[in-house]
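**Student:** Provided below: upload.cif, containing mmCIF, C-alpha atoms.
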```
data_target
#
loop_
_atom_site.label_atom_id
_atom_site.label_comp_id
_atom_site.auth_asym_id
_atom_site.auth_seq_id
_atom_site.Cartn_x
_atom_site.Cartn_y
_atom_site.Cartn_z
CA MET A 9 -19.60 280.05 71.94
CA GLU A 10 -17.42 282.01 74.37
CA THR A 11 -18.18 285.30 72.61
CA ARG A 12 -21.92 284.67 72.76
CA PHE A 13 -21.67 283.93 76.48
CA ASN A 14 -19.63 287.09 77.11
CA THR A 15 -22.19 289.16 75.20
CA TYR A 16 -24.97 287.64 77.27
CA ILE A 17 -23.19 288.40 80.54
CA THR A 18 -22.46 291.97 79.39
CA LEU A 19 -26.09 292.59 78.45
CA LEU A 20 -27.28 291.03 81.70
CA ALA A 21 -24.96 293.27 83.74
CA ALA A 22 -26.07 296.34 81.75
CA HIS A 23 -29.71 295.57 82.48
CA VAL A 24 -29.03 295.02 86.18
CA GLY A 25 -27.35 298.43 86.21
CA LEU A 26 -30.31 299.86 84.34
CA GLY A 27 -32.59 298.41 87.02
CA PHE A 28 -30.68 300.16 89.77
CA LEU A 29 -30.63 303.39 87.78
CA GLY A 30 -34.38 303.15 87.21
CA ILE A 31 -35.02 302.70 90.92
CA LEU A 32 -32.76 305.61 91.88
CA TYR A 33 -33.82 308.00 89.11
CA PRO A 34 -37.09 306.91 87.39
CA PRO A 35 -37.28 309.66 84.69
CA VAL A 36 -34.25 308.16 82.94
CA ILE A 37 -36.40 305.14 82.03
CA LYS A 38 -38.33 307.21 79.48
CA TYR A 39 -35.15 308.02 77.62
CA VAL A 40 -33.95 304.43 77.70
CA MET A 41 -37.31 303.30 76.30
CA LEU A 42 -37.02 305.84 73.48
CA LEU A 43 -33.49 304.62 72.73
CA ALA A 44 -34.74 301.03 72.64
CA ILE A 45 -37.53 301.99 70.24
CA VAL A 46 -35.10 303.79 67.93
CA TYR A 47 -32.65 300.87 68.08
CA PHE A 48 -35.26 298.26 67.18
CA LEU A 49 -36.74 300.45 64.44
CA MET A 50 -33.29 300.78 62.89
CA MET A 51 -32.72 297.02 63.15
CA ILE A 52 -36.10 296.18 61.60
CA ILE A 53 -35.57 298.56 58.70
CA ARG A 54 -31.87 297.74 58.18
CA THR A 55 -32.38 293.97 58.10
CA ALA A 56 -35.85 294.11 56.49
CA ASN A 57 -37.00 292.08 59.51
CA HIS A 58 -34.99 289.10 58.33
CA ASP A 59 -34.11 287.95 61.85
CA ASN A 60 -37.50 288.65 63.46
CA HIS A 61 -36.29 291.90 65.00
CA ALA A 62 -39.90 293.11 65.06
CA LEU A 63 -40.81 290.27 67.40
CA LEU A 64 -37.71 290.83 69.52
CA GLY A 65 -38.48 294.55 69.75
CA ALA A 66 -42.11 293.91 70.65
CA ALA A 67 -41.10 291.47 73.39
CA TYR A 68 -38.45 293.85 74.74
CA ILE A 69 -40.83 296.81 74.85
CA ALA A 70 -43.57 294.72 76.48
CA GLY A 71 -41.16 293.60 79.19
CA PHE A 72 -39.71 297.07 79.55
CA GLU A 73 -43.20 298.49 80.06
CA VAL A 74 -43.61 296.34 83.15
CA PHE A 75 -40.35 297.68 84.53
CA SER A 76 -41.22 301.28 83.67
CA ARG A 77 -44.58 300.97 85.41
CA MET A 78 -42.91 299.59 88.52
CA THR A 79 -40.47 302.48 88.69
CA GLY A 80 -42.99 305.15 87.71
CA GLY A 81 -41.18 306.05 84.50
CA ALA A 82 -43.89 305.01 82.03
CA PHE A 83 -45.17 307.41 79.38
CA SER A 84 -48.71 306.07 79.56
CA TYR A 85 -50.37 302.72 80.00
CA GLU A 86 -51.13 302.47 76.29
CA PHE A 87 -47.77 303.58 74.88
CA ALA A 88 -46.15 300.15 74.78
CA LYS A 89 -49.19 298.61 73.09
CA TYR A 90 -48.97 301.18 70.31
CA VAL A 91 -45.25 300.52 69.91
CA VAL A 92 -45.85 296.75 69.73
CA ILE A 93 -48.55 297.30 67.11
CA GLY A 94 -46.14 299.51 65.15
CA PHE A 95 -43.21 297.07 65.34
CA LEU A 96 -45.28 294.06 64.32
CA SER A 97 -47.06 295.98 61.54
CA LEU A 98 -43.69 297.08 60.19
CA GLY A 99 -42.48 293.49 60.45
CA MET A 100 -45.52 292.30 58.48
CA PHE A 101 -44.82 294.98 55.89
CA TYR A 102 -41.44 293.37 55.22
CA ARG A 103 -42.40 289.72 55.76
CA GLY A 104 -46.09 289.66 54.88
CA PHE A 105 -48.65 287.46 56.55
CA GLN A 106 -50.29 284.16 55.69
CA ARG A 107 -53.54 284.07 53.77
CA ALA A 108 -54.67 281.30 56.08
CA SER A 109 -54.70 283.76 58.97
CA TRP A 110 -58.11 285.07 57.91
CA PRO A 111 -59.72 284.28 61.31
CA TYR A 112 -57.47 286.91 62.89
CA LEU A 113 -58.41 289.44 60.22
CA PHE A 114 -62.03 288.60 60.93
CA TYR A 115 -61.35 289.15 64.64
CA LEU A 116 -59.95 292.61 63.89
CA LEU A 117 -62.95 293.43 61.71
CA CYS A 118 -65.27 292.35 64.52
CA LEU A 119 -63.80 295.15 66.64
CA VAL A 120 -65.33 297.80 64.34
CA PRO A 121 -68.89 297.43 65.74
CA GLY A 122 -67.36 297.76 69.20
CA VAL A 123 -65.94 301.12 68.19
CA LEU A 124 -69.35 302.27 67.01
CA MET A 125 -71.19 301.00 70.06
CA SER A 126 -68.72 302.40 72.54
CA SER A 127 -68.70 305.81 70.87
CA ILE A 128 -72.52 305.93 71.02
CA ASN A 129 -72.58 305.09 74.74
CA LEU A 130 -69.98 307.67 75.82
CA SER A 131 -71.02 310.77 77.68
CA PHE A 132 -70.60 314.20 76.12
CA THR A 133 -67.79 315.12 78.49
CA ALA A 134 -65.68 312.04 77.65
CA ASN A 135 -62.79 312.26 75.24
CA ILE A 136 -63.74 309.79 72.49
CA GLY A 137 -60.19 309.24 71.25
CA ASN A 138 -58.83 308.40 74.68
CA ALA A 139 -61.76 306.15 75.53
CA LEU A 140 -61.52 304.20 72.27
CA GLY A 141 -57.74 303.95 72.49
CA PHE A 142 -57.92 302.69 76.05
CA ASN A 143 -60.60 300.10 75.31
CA LEU A 144 -59.34 298.84 71.97
CA SER A 145 -55.54 299.04 72.12
CA GLY A 146 -55.26 295.68 73.90
CA PRO A 147 -57.53 293.71 71.53
CA VAL A 148 -55.94 295.32 68.46
CA CYS A 149 -52.46 294.55 69.81
CA LEU A 150 -53.53 290.94 70.36
CA GLY A 151 -54.94 290.68 66.83
CA ILE A 152 -51.83 292.17 65.20
CA SER A 153 -49.64 289.85 67.28
CA ALA A 154 -51.69 286.86 66.13
CA LEU A 155 -51.41 287.96 62.50
CA TYR A 156 -47.66 288.35 62.81
CA GLY A 157 -47.08 285.12 64.67
CA TYR A 158 -49.33 282.85 62.58
CA LYS A 159 -47.11 280.11 61.13
CA ASN A 160 -44.01 282.19 61.88
CA PRO A 161 -41.39 279.62 62.88
CA ILE A 162 -39.17 280.71 65.75
CA THR A 163 -36.00 278.72 66.21
CA GLN A 164 -34.22 278.24 69.50
CA GLN A 165 -31.24 280.17 68.13
#
```
Could you express the structure from this file as structure tokens?

**Tutor:**
Amino acid sequence: METRFNTYITLLAAHVGLGFLGILYPPVIKYVMLLAIVYFLMMIIRTANHDNHALLGAAYIAGFEVFSRMTGGAFSYEFAKYVVIGFLSLGMFYRGFQRASWPYLFYLLCLVPGVLMSSINLSFTANIGNALGFNLSGPVCLGISALYGYKNPITQQ
């Protein structure tokens, strides 16, 4: 128990220091985010997502995006959503998903007409890829998160 508490205090102190560093020098946040992505990718692949590292990585990146936006060190507003989609998709590759989660698959399929309608209504000067990515990254991220989390027990440990 003492070792777990010491690890928690060490990680808490490291993140407080990271907060001060991000306020003083915002560009360093991009490198820290890349390191976090590499770390969680390695953990997901090494453990075959046995300990829900995909969910931990997605939660960490989502929280880190808020911090990086506050300090001005964000890559883009959509970057974290794409990383969350990637982590959870990789986690589902190792763990699979429930067949009973078909309503969420149906939800994702219902986004396809939205892609068609939004691409028809765009002006000629608009970048279609950016417009579709901006408008659909949130709903797709929500759908993938629902697929991953459906009947996925999470213990307090």

**Student:** Out of A:Val123, A:Ala67, A:Leu98, A:Leu19, which residue has the shortest atom-to-atom distance to A:Met50 when counting only C-alpha atoms?

**Tutor:**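 Ranked by minimum distance to A:Met50, first place goes to A:Leu98.
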
**Student:** For A:Cys118, which residue out of A:Ile162, A:Leu20, A:Ile45, A:Leu144 is the nearest one, using only C-alpha atoms?

**Tutor:**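 So, comparing all the options, the nearest one is A:Leu144.
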
**Student:** Go through A:Asn143, A:Ser76, A:Thr163, A:Ser109 one by one, measure the shortest atom-to-atom distance of each to A:Asn60 using only C-alpha atoms, and give the residue with the smallest value.

**Tutor:**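 Closest to A:Asn60 of all the choices is A:Thr163.
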
**Student:** Which residues, named as in the file, does the PyMOL selection byres ((chain A and resi 40-43) around 10) pick out? Answer as a ChimeraX atom specification.

**Tutor:** /A:26,30,35-39,44-49,68-69,72-73,76,81-83,88

**Student:** Could you expand the PyMOL selection byres ((chain A and resi 103) around 9) into the explicit residues it covers here, written as JSON, numbers by chain?

**Tutor:** {"A": [56, 57, 58, 98, 99, 100, 101, 102, 104, 105, 156]}

**Student:** Taking only C-alpha atoms into account, which of A:Glu86, A:Val24, A:Gly122, A:Ile128 comes nearest A:Gly146?

**Tutor:**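 The answer is A:Glu86, which sits nearest to A:Gly146.
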
**Student:** To one decimal place, how far is atom CA of A:Tyr115 from atom CA of A:Cys149 in Å?

**Tutor:**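 Between these atoms lies a distance of 11.6 Å.
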
**Student:** Identify which of the residues A:Tyr90, A:Tyr33, A:Phe75, A:Trp110 lies closest to A:Leu150, counting all atoms listed in the file when measuring atom-to-atom distances.

**Tutor:**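 Among A:Tyr90, A:Tyr33, A:Phe75, A:Trp110, it is A:Tyr90 that comes nearest to A:Leu150.
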
**Student:** Under the rule that only C-alpha atoms are counted, which of A:Ile93, A:Ala22, A:Val148, A:Ile53 is the nearest residue to A:Leu117?

**Tutor:**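 So, comparing all the options, the nearest one is A:Val148.
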
**Student:** Mind giving me the axis-aligned box for stretch 73-82 of chain A with 4 Å on every side, centre plus edges in Å to one decimal, as lines of an AutoDock Vina configuration file?

**Tutor:**
```
center_x = -42.5
center_y = 301.2
center_z = 84.4
size_x = 12.2
size_y = 17.7
size_z = 16.6
```

**Student:** Could you rebuild stretch 152-163 of chain A with all heavy atoms and give it back as an mmCIF file, in the coordinates of the input?

**Tutor:**
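part_33.cif, freshly written:
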```cif
data_model
loop_
_atom_site.group_PDB
_atom_site.id
_atom_site.type_symbol
_atom_site.label_atom_id
_atom_site.label_comp_id
_atom_site.auth_asym_id
_atom_site.auth_seq_id
_atom_site.Cartn_x
_atom_site.Cartn_y
_atom_site.Cartn_z
ATOM 1 N N ILE A 152 -53.029 291.949 66.020
ATOM 2 C CA ILE A 152 -51.830 292.170 65.200
ATOM 3 C C ILE A 152 -50.753 291.145 65.562
ATOM 4 O O ILE A 152 -50.060 290.620 64.689
ATOM 5 C CB ILE A 152 -51.319 293.613 65.350
ATOM 6 C CG1 ILE A 152 -52.355 294.610 64.850
ATOM 7 C CG2 ILE A 152 -49.980 293.812 64.656
ATOM 8 C CD1 ILE A 152 -52.621 294.552 63.367
ATOM 9 N N SER A 153 -50.614 290.855 66.843
ATOM 10 C CA SER A 153 -49.640 289.850 67.280
ATOM 11 C C SER A 153 -49.982 288.478 66.718
ATOM 12 O O SER A 153 -49.088 287.723 66.310
ATOM 13 C CB SER A 153 -49.581 289.785 68.804
ATOM 14 O OG SER A 153 -49.211 291.009 69.345
ATOM 15 N N ALA A 154 -51.269 288.146 66.695
ATOM 16 C CA ALA A 154 -51.690 286.860 66.130
ATOM 17 C C ALA A 154 -51.425 286.807 64.635
ATOM 18 O O ALA A 154 -50.981 285.782 64.106
ATOM 19 C CB ALA A 154 -53.166 286.628 66.427
ATOM 20 N N LEU A 155 -51.702 287.911 63.936
ATOM 21 C CA LEU A 155 -51.410 287.960 62.500
ATOM 22 C C LEU A 155 -49.928 287.781 62.223
ATOM 23 O O LEU A 155 -49.530 287.071 61.302
ATOM 24 C CB LEU A 155 -51.879 289.289 61.904
ATOM 25 C CG LEU A 155 -53.328 289.417 61.511
ATOM 26 C CD1 LEU A 155 -53.618 290.835 61.044
ATOM 27 C CD2 LEU A 155 -53.683 288.435 60.427
ATOM 28 N N TYR A 156 -49.103 288.446 63.013
ATOM 29 C CA TYR A 156 -47.660 288.350 62.810
ATOM 30 C C TYR A 156 -47.143 286.951 63.127
ATOM 31 O O TYR A 156 -46.314 286.395 62.418
ATOM 32 C CB TYR A 156 -46.920 289.376 63.670
ATOM 33 C CG TYR A 156 -45.427 289.336 63.451
ATOM 34 C CD1 TYR A 156 -44.848 290.046 62.419
ATOM 35 C CD2 TYR A 156 -44.592 288.570 64.264
ATOM 36 C CE1 TYR A 156 -43.489 290.006 62.197
ATOM 37 C CE2 TYR A 156 -43.236 288.515 64.053
ATOM 38 C CZ TYR A 156 -42.687 289.234 63.009
ATOM 39 O OH TYR A 156 -41.335 289.175 62.793
ATOM 40 N N GLY A 157 -47.630 286.383 64.200
ATOM 41 C CA GLY A 157 -47.080 285.120 64.670
ATOM 42 C C GLY A 157 -47.656 283.890 64.016
ATOM 43 O O GLY A 157 -47.136 282.778 64.206
ATOM 44 N N TYR A 158 -48.705 284.026 63.206
ATOM 45 C CA TYR A 158 -49.330 282.850 62.580
ATOM 46 C C TYR A 158 -48.362 282.171 61.640
ATOM 47 O O TYR A 158 -47.890 282.768 60.663
ATOM 48 C CB TYR A 158 -50.603 283.263 61.852
ATOM 49 C CG TYR A 158 -51.376 282.076 61.314
ATOM 50 C CD1 TYR A 158 -52.124 281.289 62.157
ATOM 51 C CD2 TYR A 158 -51.344 281.758 59.966
ATOM 52 C CE1 TYR A 158 -52.830 280.209 61.684
ATOM 53 C CE2 TYR A 158 -52.041 280.680 59.478
ATOM 54 C CZ TYR A 158 -52.782 279.903 60.337
ATOM 55 O OH TYR A 158 -53.475 278.827 59.861
ATOM 56 N N LYS A 159 -48.039 280.931 61.913
ATOM 57 C CA LYS A 159 -47.110 280.110 61.130
ATOM 58 C C LYS A 159 -45.762 280.793 60.922
ATOM 59 O O LYS A 159 -45.147 280.687 59.868
ATOM 60 C CB LYS A 159 -47.716 279.715 59.789
ATOM 61 C CG LYS A 159 -48.831 278.698 59.948
ATOM 62 C CD LYS A 159 -49.197 278.104 58.605
ATOM 63 C CE LYS A 159 -50.249 277.050 58.814
ATOM 64 N NZ LYS A 159 -50.653 276.420 57.581
ATOM 65 N N ASN A 160 -45.314 281.535 61.923
ATOM 66 C CA ASN A 160 -44.010 282.190 61.880
ATOM 67 C C ASN A 160 -43.070 281.326 62.718
ATOM 68 O O ASN A 160 -43.106 281.408 63.951
ATOM 69 C CB ASN A 160 -44.098 283.600 62.423
ATOM 70 C CG ASN A 160 -42.805 284.352 62.300
ATOM 71 O OD1 ASN A 160 -41.869 283.901 61.639
ATOM 72 N ND2 ASN A 160 -42.743 285.503 62.935
ATOM 73 N N PRO A 161 -42.252 280.508 62.099
ATOM 74 C CA PRO A 161 -41.390 279.620 62.880
ATOM 75 C C PRO A 161 -40.328 280.431 63.648
ATOM 76 O O PRO A 161 -39.702 281.329 63.099
ATOM 77 C CB PRO A 161 -40.741 278.721 61.830
ATOM 78 C CG PRO A 161 -40.807 279.499 60.570
ATOM 79 C CD PRO A 161 -42.031 280.373 60.668
ATOM 80 N N ILE A 162 -40.174 280.077 64.899
ATOM 81 C CA ILE A 162 -39.170 280.710 65.750
ATOM 82 C C ILE A 162 -38.229 279.612 66.223
ATOM 83 O O ILE A 162 -38.640 278.698 66.928
ATOM 84 C CB ILE A 162 -39.824 281.425 66.945
ATOM 85 C CG1 ILE A 162 -40.787 282.485 66.444
ATOM 86 C CG2 ILE A 162 -38.773 282.031 67.847
ATOM 87 C CD1 ILE A 162 -41.633 283.106 67.528
ATOM 88 N N THR A 163 -36.973 279.732 65.814
ATOM 89 C CA THR A 163 -36.000 278.720 66.210
ATOM 90 C C THR A 163 -35.429 279.035 67.580
ATOM 91 O O THR A 163 -35.558 280.153 68.082
ATOM 92 C CB THR A 163 -34.848 278.654 65.185
ATOM 93 O OG1 THR A 163 -34.170 279.912 65.186
ATOM 94 C CG2 THR A 163 -35.370 278.357 63.785
#
```
